[in-house]
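One file, target20.csv, is given below (CSV, C-alpha atoms).
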chain,number,residue,atom,x,y,z
J,1,MET,CA,0.0,10.4,-8.9
J,2,ARG,CA,-1.9,12.0,-6.1
J,3,PHE,CA,-1.0,12.1,-2.4
J,4,GLU,CA,-3.7,12.5,0.3
J,5,VAL,CA,-4.3,11.7,3.9
J,6,LEU,CA,-7.6,10.1,4.9
J,7,SER,CA,-9.3,10.0,8.3
J,8,ALA,CA,-10.9,6.9,9.7
J,9,ASP,CA,-14.4,8.3,9.8
J,10,GLY,CA,-17.3,8.9,7.4
J,11,SER,CA,-16.6,8.8,3.6
J,12,ASP,CA,-12.9,8.7,4.2
J,13,GLY,CA,-13.2,5.7,6.4
J,14,ALA,CA,-15.3,3.9,3.8
J,15,ARG,CA,-12.7,4.7,1.1
J,16,TRP,CA,-10.0,3.4,3.5
J,17,SER,CA,-11.9,0.1,4.0
J,18,ALA,CA,-12.4,-0.2,0.2
J,19,LEU,CA,-8.6,0.3,-0.4
J,20,VAL,CA,-7.8,-2.6,2.1
J,21,GLN,CA,-10.3,-4.8,0.2
J,22,GLY,CA,-8.5,-3.8,-3.0
J,23,LEU,CA,-5.2,-5.3,-1.8
J,24,ALA,CA,-4.2,-8.8,-2.7
J,25,PRO,CA,-5.6,-11.3,-0.2
J,26,GLU,CA,-2.2,-12.0,1.3
J,27,GLN,CA,-1.7,-8.3,2.1
J,28,ARG,CA,-5.0,-7.6,3.8
J,29,ASP,CA,-4.6,-7.5,7.5
J,30,ILE,CA,-6.5,-6.3,10.6
J,31,HIS,CA,-3.8,-3.8,11.5
J,32,PHE,CA,-4.5,-1.9,8.3
J,33,ILE,CA,-8.2,-1.3,8.6
J,34,PRO,CA,-9.6,2.0,9.9
J,35,GLU,CA,-11.4,0.4,12.8
J,36,TYR,CA,-8.1,-0.8,14.2
J,37,GLY,CA,-6.7,2.7,14.3
J,38,GLN,CA,-9.9,3.9,16.0
J,39,ILE,CA,-9.1,1.8,19.0
J,40,TYR,CA,-6.2,4.0,19.7
J,41,GLY,CA,-8.2,7.1,19.0
J,42,LYS,CA,-10.6,6.1,21.7
J,43,THR,CA,-8.0,4.8,24.1
J,44,TYR,CA,-5.4,7.5,23.9
J,45,GLY,CA,-6.8,10.3,21.8
J,46,PHE,CA,-4.4,9.6,18.9
J,47,GLU,CA,-5.8,10.5,15.5
J,48,PRO,CA,-5.9,7.5,13.1
J,49,LEU,CA,-4.9,8.4,9.6
J,50,LEU,CA,-4.1,6.8,6.3
J,51,ALA,CA,-1.4,8.1,3.9
J,52,LEU,CA,-2.3,7.3,0.3
J,53,TYR,CA,-0.4,7.8,-2.9
J,54,GLY,CA,-1.5,6.6,-6.3
J,55,ASP,CA,-3.8,7.0,-9.3
J,56,GLY,CA,-6.7,4.8,-8.2
J,57,SER,CA,-5.8,1.6,-9.9
J,58,SER,CA,-2.2,1.5,-8.4
J,59,PHE,CA,-1.5,2.8,-5.0
J,60,VAL,CA,0.7,2.7,-1.8
J,61,MET,CA,-0.9,3.2,1.6
J,62,GLN,CA,0.3,3.4,5.2
J,63,PRO,CA,-1.9,3.7,8.3
J,64,PHE,CA,-0.5,5.6,11.2
J,65,VAL,CA,-1.6,7.5,14.3
J,66,LYS,CA,-0.8,11.1,14.9
J,67,ARG,CA,0.3,11.5,18.5
J,68,PRO,CA,0.0,14.9,20.3
J,69,LEU,CA,3.0,15.5,22.5
J,70,ASN,CA,2.0,18.5,24.6
J,71,LYS,CA,0.6,16.5,27.5
J,72,LEU,CA,4.0,14.8,28.0
J,73,PRO,CA,5.4,16.1,31.4
J,74,PHE,CA,8.5,17.8,29.9
J,75,LEU,CA,6.3,20.0,27.7
J,76,LYS,CA,3.4,20.4,30.0
J,77,GLU,CA,5.4,21.4,33.0
J,78,GLN,CA,7.5,23.9,31.0
J,79,GLY,CA,4.3,25.6,29.8
J,80,VAL,CA,4.9,24.9,26.1
J,81,SER,CA,1.8,25.7,24.1
J,82,GLN,CA,3.0,25.4,20.6
J,83,PRO,CA,1.6,22.0,19.3
J,84,TYR,CA,4.0,19.2,18.6
J,85,TYR,CA,3.4,15.7,17.2
J,86,ASP,CA,5.0,12.5,16.2
J,87,ILE,CA,3.6,9.4,14.4
J,88,ALA,CA,3.7,5.7,14.8
J,89,ASN,CA,1.8,2.6,13.8
J,90,PRO,CA,-0.9,1.5,16.3
J,91,TYR,CA,0.3,-1.3,18.6
J,92,GLY,CA,1.4,-4.3,16.5
J,93,TYR,CA,2.3,-3.7,12.9
J,94,GLY,CA,2.2,-1.1,10.2
J,95,GLY,CA,4.2,0.2,7.3
J,96,VAL,CA,3.4,0.4,3.7
J,97,VAL,CA,1.3,-2.0,1.6
J,98,CYS,CA,0.6,-1.6,-2.1
J,99,HIS,CA,-1.4,-2.6,-5.1
J,100,THR,CA,-0.1,-2.2,-8.6
J,101,GLU,CA,-1.5,-2.8,-12.0
J,102,SER,CA,0.8,-4.4,-14.7
J,103,GLY,CA,3.4,-2.1,-16.0
J,104,ILE,CA,3.6,0.0,-12.9
J,105,SER,CA,6.9,-0.1,-11.0
J,106,THR,CA,6.4,-0.8,-7.2
J,107,ASP,CA,9.8,0.8,-6.5
J,108,ASP,CA,8.7,4.0,-8.3
J,109,LEU,CA,5.4,4.0,-6.4
J,110,CYS,CA,7.2,3.6,-3.0
J,111,ARG,CA,9.7,6.3,-3.8
J,112,GLY,CA,6.9,8.7,-4.8
J,113,PHE,CA,5.0,7.8,-1.7
J,114,ASN,CA,7.9,8.4,0.6
J,115,GLU,CA,8.8,11.7,-0.9
J,116,SER,CA,5.2,12.9,-0.6
J,117,PHE,CA,4.7,11.5,2.9
J,118,THR,CA,7.9,13.1,4.2
J,119,SER,CA,6.9,16.5,2.7
J,120,TYR,CA,3.5,16.2,4.4
J,121,CYS,CA,5.1,15.4,7.8
J,122,VAL,CA,7.5,18.4,7.5
J,123,ASP,CA,4.6,20.7,6.7
J,124,GLU,CA,2.6,19.4,9.6
J,125,GLY,CA,5.5,19.8,12.0
J,126,ILE,CA,5.6,16.1,12.8
J,127,ALA,CA,8.9,15.5,14.5
J,128,SER,CA,9.6,11.8,14.1
J,129,GLU,CA,8.3,8.4,13.1
J,130,PHE,CA,8.5,4.9,14.5
J,131,THR,CA,7.1,2.0,12.5
J,132,SER,CA,7.1,-1.8,13.1
J,133,MET,CA,6.8,-3.6,9.8
J,134,HIS,CA,4.5,-6.7,9.4
J,135,PRO,CA,6.7,-9.9,9.7
J,136,LEU,CA,4.1,-12.2,8.0
J,137,LEU,CA,3.4,-9.8,5.2
J,138,GLY,CA,7.1,-9.1,4.7
J,139,ASN,CA,6.4,-5.4,3.8
J,140,HIS,CA,9.8,-4.3,4.9
J,141,LYS,CA,11.0,-5.6,1.4
J,142,LEU,CA,9.1,-2.8,-0.3
J,143,LEU,CA,11.2,-0.2,1.5
J,144,LEU,CA,14.4,-2.2,0.9
J,145,ASP,CA,13.8,-2.6,-2.8
J,146,ALA,CA,12.9,1.1,-3.2
J,147,GLY,CA,16.0,2.1,-1.3
J,148,GLU,CA,14.3,4.8,0.6
J,149,ILE,CA,14.4,3.5,4.2
J,150,ILE,CA,16.6,0.8,5.7
J,151,PRO,CA,14.5,-1.3,8.2
J,152,VAL,CA,16.4,-2.8,11.2
J,153,LYS,CA,15.9,-6.3,12.4
J,154,GLN,CA,14.3,-6.3,15.9
J,155,LYS,CA,13.4,-9.9,16.8
J,156,GLU,CA,11.8,-13.1,15.7
J,157,VAL,CA,8.1,-13.9,16.1
J,158,VAL,CA,6.3,-17.2,16.2
J,159,PHE,CA,3.4,-18.4,14.1
J,160,MET,CA,1.5,-21.6,13.4
J,161,ASP,CA,0.7,-22.6,9.9
J,162,LEU,CA,-3.0,-23.5,10.1
J,163,ARG,CA,-3.0,-24.8,6.5
J,164,LEU,CA,-1.5,-28.0,8.0
J,165,ASN,CA,-3.9,-30.7,9.0
J,166,GLU,CA,-4.6,-31.1,12.7
J,167,ALA,CA,-2.3,-34.1,13.0
J,168,ASP,CA,0.6,-32.2,11.5
J,169,LEU,CA,0.0,-29.2,13.8
J,170,TRP,CA,0.2,-31.6,16.7
J,171,LYS,CA,3.4,-33.1,15.4
J,172,GLY,CA,4.9,-29.6,15.2
J,173,ILE,CA,4.5,-28.9,18.9
J,174,HIS,CA,7.6,-29.6,20.9
J,175,LYS,CA,7.7,-32.4,23.5
J,176,ARG,CA,7.7,-30.2,26.5
J,177,ARG,CA,4.6,-28.4,25.4
J,178,VAL,CA,3.0,-31.7,24.5
J,179,ARG,CA,3.6,-33.0,28.0
J,180,CYS,CA,2.1,-29.9,29.5
J,181,ILE,CA,-1.0,-30.1,27.3
J,182,LYS,CA,-1.5,-33.7,28.3
J,183,LYS,CA,-1.0,-32.8,31.9
J,184,ALA,CA,-3.6,-30.1,31.7
J,185,ILE,CA,-6.1,-32.4,30.2
J,186,LYS,CA,-5.4,-35.1,32.8
J,187,ASN,CA,-6.0,-32.6,35.6
J,188,GLY,CA,-9.4,-31.6,34.2
J,189,VAL,CA,-8.4,-28.2,32.8
J,190,ARG,CA,-11.1,-27.2,30.2
J,191,THR,CA,-11.2,-24.3,27.7
J,192,GLU,CA,-14.0,-22.3,26.3
J,193,ARG,CA,-14.7,-19.4,23.9
J,194,VAL,CA,-16.7,-17.1,26.2
J,195,GLU,CA,-19.1,-14.2,25.6
J,196,PRO,CA,-17.4,-10.8,25.4
J,197,SER,CA,-19.5,-9.6,28.3
J,198,GLU,CA,-18.6,-6.9,30.9
J,199,ALA,CA,-18.1,-9.5,33.5
J,200,ASN,CA,-15.7,-11.5,31.3
J,201,PHE,CA,-13.7,-8.4,30.4
J,202,ASP,CA,-13.4,-7.7,34.1
J,203,ILE,CA,-11.8,-11.1,34.5
J,204,LEU,CA,-9.5,-10.5,31.6
J,205,ASN,CA,-8.4,-7.2,33.0
J,206,ARG,CA,-7.8,-8.5,36.5
J,207,LEU,CA,-5.6,-11.4,35.3
J,208,TYR,CA,-3.8,-9.2,32.7
J,209,TYR,CA,-2.9,-6.6,35.3
J,210,GLN,CA,-1.8,-9.2,37.8
J,211,THR,CA,0.4,-10.8,35.1
J,212,MET,CA,1.9,-7.4,34.1
J,213,GLY,CA,2.7,-6.6,37.7
J,214,ARG,CA,4.2,-10.0,38.4
J,215,HIS,CA,6.6,-9.6,35.5
J,216,ASN,CA,7.4,-5.9,36.2
J,217,ALA,CA,6.4,-5.2,32.6
J,218,ALA,CA,7.5,-2.1,30.9
J,219,ALA,CA,5.0,0.7,30.5
J,220,ARG,CA,4.6,0.0,26.8
J,221,TRP,CA,3.0,-3.4,27.5
J,222,ILE,CA,0.5,-2.0,30.0
J,223,PHE,CA,-2.8,-0.8,28.4
J,224,PRO,CA,-5.4,1.4,30.1
J,225,GLU,CA,-8.4,-0.2,31.8
J,226,GLY,CA,-10.8,0.3,28.8
J,227,TYR,CA,-8.5,-0.9,26.1
J,228,PHE,CA,-9.8,-4.4,25.6
J,229,ARG,CA,-13.4,-3.2,25.6
J,230,ASN,CA,-12.4,-0.6,23.0
J,231,CYS,CA,-11.1,-3.5,20.8
J,232,LEU,CA,-14.5,-5.1,20.9
J,233,GLU,CA,-16.4,-1.8,20.3
J,234,LYS,CA,-14.3,-0.8,17.3
J,235,LEU,CA,-13.6,-4.2,15.7
J,236,GLY,CA,-16.8,-5.9,16.6
J,237,PRO,CA,-17.5,-9.4,17.9
J,238,GLN,CA,-16.7,-10.9,14.4
J,239,ARG,CA,-13.1,-9.8,14.9
J,240,VAL,CA,-12.6,-10.2,18.7
J,241,SER,CA,-12.8,-13.4,20.8
J,242,LEU,CA,-12.3,-14.1,24.5
J,243,PHE,CA,-11.0,-17.6,25.6
J,244,PHE,CA,-10.8,-18.8,29.1
J,245,ALA,CA,-9.1,-21.9,30.6
J,246,TYR,CA,-10.8,-23.1,33.7
J,247,VAL,CA,-9.7,-25.2,36.7
J,248,GLY,CA,-12.9,-26.2,38.3
J,249,ASP,CA,-15.1,-23.1,38.3
J,250,GLU,CA,-12.2,-20.7,38.4
J,251,VAL,CA,-10.6,-18.9,35.5
J,252,ALA,CA,-6.9,-19.9,35.3
J,253,VAL,CA,-6.1,-18.1,32.1
J,254,ALA,CA,-7.9,-15.4,30.0
J,255,THR,CA,-6.8,-14.6,26.4
J,256,ILE,CA,-8.1,-12.0,23.9
J,257,LEU,CA,-7.8,-12.9,20.3
J,258,ILE,CA,-8.1,-10.5,17.3
J,259,HIS,CA,-8.7,-11.9,13.9
J,260,ASP,CA,-9.6,-11.0,10.3
J,261,PHE,CA,-8.7,-11.9,6.7
J,262,GLU,CA,-6.0,-14.7,6.9
J,263,ILE,CA,-4.5,-14.2,10.3
J,264,ALA,CA,-5.7,-14.7,13.9
J,265,TYR,CA,-3.6,-13.0,16.6
J,266,TYR,CA,-2.9,-14.0,20.1
J,267,HIS,CA,-3.3,-10.4,21.4
J,268,PHE,CA,-2.9,-10.4,25.2
J,269,SER,CA,-3.4,-12.8,28.0
J,270,GLY,CA,-3.4,-13.0,31.8
J,271,SER,CA,-3.0,-16.0,34.2
J,272,ASP,CA,-3.5,-16.9,37.8
J,273,THR,CA,-0.3,-18.3,39.3
J,274,ARG,CA,-2.2,-20.7,41.6
J,275,PHE,CA,-2.8,-22.9,38.6
J,276,TYR,CA,0.6,-22.6,36.9
J,277,GLU,CA,1.6,-26.2,37.6
J,278,LEU,CA,-1.5,-27.5,35.8
J,279,CYS,CA,-0.4,-26.0,32.5
J,280,PRO,CA,-3.6,-24.2,31.5
J,281,SER,CA,-1.8,-21.8,29.2
J,282,ASP,CA,-0.5,-24.6,27.1
J,283,LEU,CA,-3.8,-26.2,26.6
J,284,LEU,CA,-5.5,-22.9,25.9
J,285,MET,CA,-2.9,-21.9,23.2
J,286,TYR,CA,-3.4,-25.3,21.5
J,287,GLU,CA,-7.2,-25.2,21.6
J,288,ILE,CA,-7.2,-21.6,20.2
J,289,SER,CA,-5.1,-22.7,17.3
J,290,LEU,CA,-7.6,-25.4,16.5
J,291,TRP,CA,-10.5,-23.0,16.8
J,292,ALA,CA,-8.7,-20.5,14.4
J,293,LYS,CA,-8.0,-23.3,11.9
J,294,ARG,CA,-11.6,-24.4,11.9
J,295,GLN,CA,-12.7,-20.8,11.3
J,296,GLY,CA,-10.6,-20.8,8.1
J,297,TYR,CA,-7.6,-18.7,9.2
J,298,LYS,CA,-4.3,-19.6,7.5
J,299,TYR,CA,-2.0,-18.4,10.3
J,300,PHE,CA,-2.1,-18.1,14.1
J,301,HIS,CA,0.3,-15.4,15.1
J,302,LEU,CA,1.7,-16.0,18.6
J,303,GLY,CA,4.1,-13.1,18.6
J,304,GLY,CA,7.5,-12.9,20.2
J,305,GLY,CA,9.1,-12.3,23.6
J,306,VAL,CA,9.3,-9.0,25.5
J,307,SER,CA,12.9,-8.7,24.3
J,308,SER,CA,14.9,-9.8,21.3
J,309,ALA,CA,16.9,-12.4,23.3
J,310,GLN,CA,16.6,-16.0,22.2
J,311,ASP,CA,16.3,-17.1,25.8
J,312,ASP,CA,13.4,-14.7,26.5
J,313,PRO,CA,11.0,-16.9,28.5
J,314,LEU,CA,7.9,-15.8,26.6
J,315,PHE,CA,9.6,-16.4,23.3
J,316,ILE,CA,10.7,-19.9,24.5
J,317,PHE,CA,7.1,-20.7,25.5
J,318,LYS,CA,5.6,-19.6,22.2
J,319,SER,CA,8.4,-21.4,20.2
J,320,GLY,CA,7.3,-24.6,21.8
J,321,PHE,CA,4.1,-24.6,19.6
J,322,SER,CA,5.7,-24.2,16.2
J,323,ASP,CA,9.0,-23.9,14.4
J,324,GLY,CA,7.4,-21.2,12.2
J,325,LYS,CA,9.4,-18.0,12.6
J,326,ALA,CA,9.3,-14.6,10.9
J,327,THR,CA,11.5,-11.6,11.4
J,328,LEU,CA,10.1,-8.3,12.7
J,329,TYR,CA,11.7,-5.2,11.2
J,330,SER,CA,11.2,-1.6,12.2
J,331,TYR,CA,12.5,1.8,11.4
J,332,SER,CA,12.7,5.2,13.0
J,333,ARG,CA,13.5,8.5,11.5
J,334,VAL,CA,13.5,12.3,12.1
J,335,LEU,CA,10.9,13.9,9.8
J,336,ASN,CA,10.9,17.6,10.8
J,337,GLY,CA,14.4,18.4,11.9
J,338,GLN,CA,13.4,21.8,13.4
J,339,SER,CA,10.6,20.3,15.5
J,340,TYR,CA,12.8,17.4,16.6
J,341,GLU,CA,15.7,19.5,17.7
J,342,LYS,CA,13.4,21.9,19.6
J,343,LEU,CA,11.8,18.9,21.4
J,344,CYS,CA,15.1,17.4,22.3
J,345,SER,CA,16.4,20.7,23.7
J,346,LEU,CA,13.3,21.1,25.8
J,347,LYS,CA,13.6,17.5,27.1
J,348,LYS,CA,17.3,18.0,28.0
J,349,ARG,CA,16.4,21.2,29.9
J,350,TYR,CA,13.6,19.4,31.7
J,351,GLU,CA,16.0,16.6,32.7
J,352,GLN,CA,18.5,19.1,34.1
J,353,GLN,CA,15.7,20.8,36.1
J,354,VAL,CA,14.3,17.6,37.5
J,355,ASP,CA,17.3,15.3,37.8
J,356,GLY,CA,20.2,17.7,37.8
J,357,LYS,CA,21.7,16.1,34.8
J,358,GLU,CA,20.8,14.8,31.3
J,359,SER,CA,19.9,11.2,30.8
J,360,ASP,CA,22.5,9.1,29.0
J,361,SER,CA,19.8,6.9,27.3
J,362,ASP,CA,20.0,6.6,23.5
J,363,TYR,CA,16.3,5.9,23.2
J,364,PHE,CA,14.7,7.2,20.0
J,365,PRO,CA,13.1,9.6,19.9
J,366,LEU,CA,15.3,11.3,22.5
J,367,TYR,CA,12.4,13.5,23.7
J,368,ARG,CA,10.5,10.3,24.8
J,369,ARG,CA,13.3,8.7,26.8

Could you write out this structure as structure tokens?
Amino acid sequence: MRFEVLSADGSDGARWSALVQGLAPEQRDIHFIPEYGQIYGKTYGFEPLLALYGDGSSFVMQPFVKRPLNKLPFLKEQGVSQPYYDIANPYGYGGVVCHTESGISTDDLCRGFNESFTSYCVDEGIASEFTSMHPLLGNHKLLLDAGEIIPVKQKEVVFMDLRLNEADLWKGIHKRRVRCIKKAIKNGVRTERVEPSEANFDILNRLYYQTMGRHNAAARWIFPEGYFRNCLEKLGPQRVSLFFAYVGDEVAVATILIHDFEIAYYHFSGSDTRFYELCPSDLLMYEISLWAKRQGYKYFHLGGGVSSAQDDPLFIFKSGFSDGKATLYSYSRVLNGQSYEKLCSLKKRYEQQVDGKESDSDYFPLYRR
């Protein structure tokens, strides 16, 4: 078995795409294609890569982004020039996926992959890894079965099963959401899939940032100005859609959807509070699910809340559209102990210099707290 790391460009990118196509249909996903990683290359300067282990006919692969750390304040302001890195999946989901021919043990492949991947990270000085597994693909089971990594349950996410007919989809929507959808229709709210134009991206950005500010969103939920346009540039209009809900001539809600293979994803949204009582978000969510079904997608992934709490308001809203739930697992680990300890030491020293004391946060990795 051979281990290698592919880039997302040129002949490597073409091989990467072919490998995704070589997976079973239920394992193919937009989060695993090279173009998805390229969004984060353009937005943040993170290098999108694919770790690959196998013999051609049977293989394990994991996409990730390599994140340079030297621009973080605690290193930059202490004049640290030695390069440091960590890795993670791009926003959303990652982890391993595999294809095996008959007679090949998936557990053995995953164990071989993990050993080779860990050695690569140690050699590259990569300090740590954080990965969110894909709840609809259930790829955390590959790690559990192989016994190499123990994923941790994070939260539940909501999805709609678009294989149901439209009547059954409607029956699966909870009464409160049904009332809101009917209210929106009664009050003349209309929805539309709009062109991914500069003007429409400006509207999406405006409403998105207003919404993030209104909810005092954590920094991890706030993307840079060009992020949504980068999604379109890298994924193309066949994988990115904008939907607006209108009240009169004004946009009340703007939503960006990403979609490929079997799943459409409710990616991000923004709303205007002036129209909240008219329930435009409810109608738009329902209409998007119908559009995705008619396009042939099997699942509409709504996602979870901003926290793991069952009373999280966003989770409650999404749960009103479906009883379909899946569990999101993640794992984090130190890869290069020497690099990790050095980074933690530098972070603690920086905290002492700036705040007069070390933080008591147990955030992982410690140097990013």

Glu47 (chain J) surroundings by only C-alpha atoms, 10 Å radius, close-in-sequence under 5 positions cut, as an MDAnalysis selection string: chainID J and resid 7:8 37:42 64:68 87

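Of note, CA of Phe364 (chain J) and CA of Tyr340 (chain J) are spaced 10.9 Å apart.
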
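Checking J:Lys348, J:Lys318, J:His301, J:Arg206 one by one against Leu162 (chain J), counting all atoms listed in the file, you find the shortest gap at J:His301.
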
Please, which residues in region 208-324 of chain J fall within 12 Å of region 90-113 of chain J when counting all atoms listed in the file, and what is the closest atom pair and distance in Å to one decimal for each, ordered by chain then residue number, as a tab-separated table?
residue	atom	partner	partner_atom	distance
J:Arg220	CA	J:Tyr91	CA	9.3
J:Trp221	CA	J:Tyr91	CA	9.5
J:Ile222	CA	J:Tyr91	CA	11.4
J:Phe223	CA	J:Tyr91	CA	10.3
J:Tyr227	CA	J:Tyr91	CA	11.6
J:Cys231	CA	J:Tyr91	CA	11.8
J:Ile258	CA	J:Gly92	CA	11.4
J:Tyr265	CA	J:Gly92	CA	10.0
J:Tyr266	CA	J:Gly92	CA	11.2
J:His267	CA	J:Gly92	CA	9.1
J:Phe268	CA	J:Gly92	CA	11.5
J:His301	CA	J:Gly92	CA	11.2
J:Leu302	CA	J:Gly92	CA	11.9
J:Gly303	CA	J:Gly92	CA	9.4
J:Gly304	CA	J:Gly92	CA	11.2

Separation of CA of Gly226 (chain J) from CA of Phe243 (chain J) in Å: 18.2 Å

Nearest to Leu204 (chain J), chosen from J:Tyr84, J:Phe32, J:Phe228, J:Tyr331, with all atoms listed in the file counted in the distances: J:Phe228

Write out as an mmCIF file with C-alpha atoms, in the frame of the given file which residues come within 6 Å of Ala326 (chain J) when counting only C-alpha atoms, dropping same-chain ones fewer than 4 positions away.
data_model
loop_
_atom_site.group_PDB
_atom_site.id
_atom_site.type_symbol
_atom_site.label_atom_id
_atom_site.label_comp_id
_atom_site.auth_asym_id
_atom_site.auth_seq_id
_atom_site.Cartn_x
_atom_site.Cartn_y
_atom_site.Cartn_z
ATOM 1 C CA PRO J 135 6.700 -9.900 9.700
ATOM 2 C CA GLU J 156 11.800 -13.100 15.700
ATOM 3 C CA VAL J 157 8.100 -13.900 16.100
#

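Among the candidates J:Tyr350, J:Tyr286, J:Tyr297, J:Phe130, the one nearest to Phe321 (chain J) when counting only C-alpha atoms is J:Tyr286.
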
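Nearest to Lys182 (chain J) of all the residues J:Ser345, J:Ser281, J:Ser11, J:Gln310 is J:Ser281, based on all atoms listed in the file.
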
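Among the candidates J:Ser330, J:Phe275, J:Gly22, J:Cys344, the residue lying nearest to Glu358 (chain J) is J:Cys344 (atoms considered: only C-alpha atoms).
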
Expected residue set, 12 Å radius at (7.2, -18.6, 28.6), only C-alpha atoms, as an NGL selection string: :J and (176-177 or 215 or 271 or 276 or 279 or 281-282 or 285 or 302-306 or 310-321)

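With distances taken over all atoms listed in the file, J:Ser339 is the one residue among J:Ser339, J:Gln353, J:Ser289, J:Ser119 lying closest to Pro83 (chain J).
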
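Residues in contact range of Ala127 (chain J), defined as at most 10 Å between all atoms listed in the file, with sequence neighbours fewer than 5 positions away removed, read Leu69, Tyr84, Tyr85, Asp86, Ile87, Cys121, Val122, Arg333, Val334, Leu335, Asn336, Gly337, Gln338, Ser339, Tyr340, Glu341, Lys342, Leu343 and Pro365 of chain J.
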
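CA of Gln82 (chain J) sits 10.6 Å away from CA of Gly125 (chain J).
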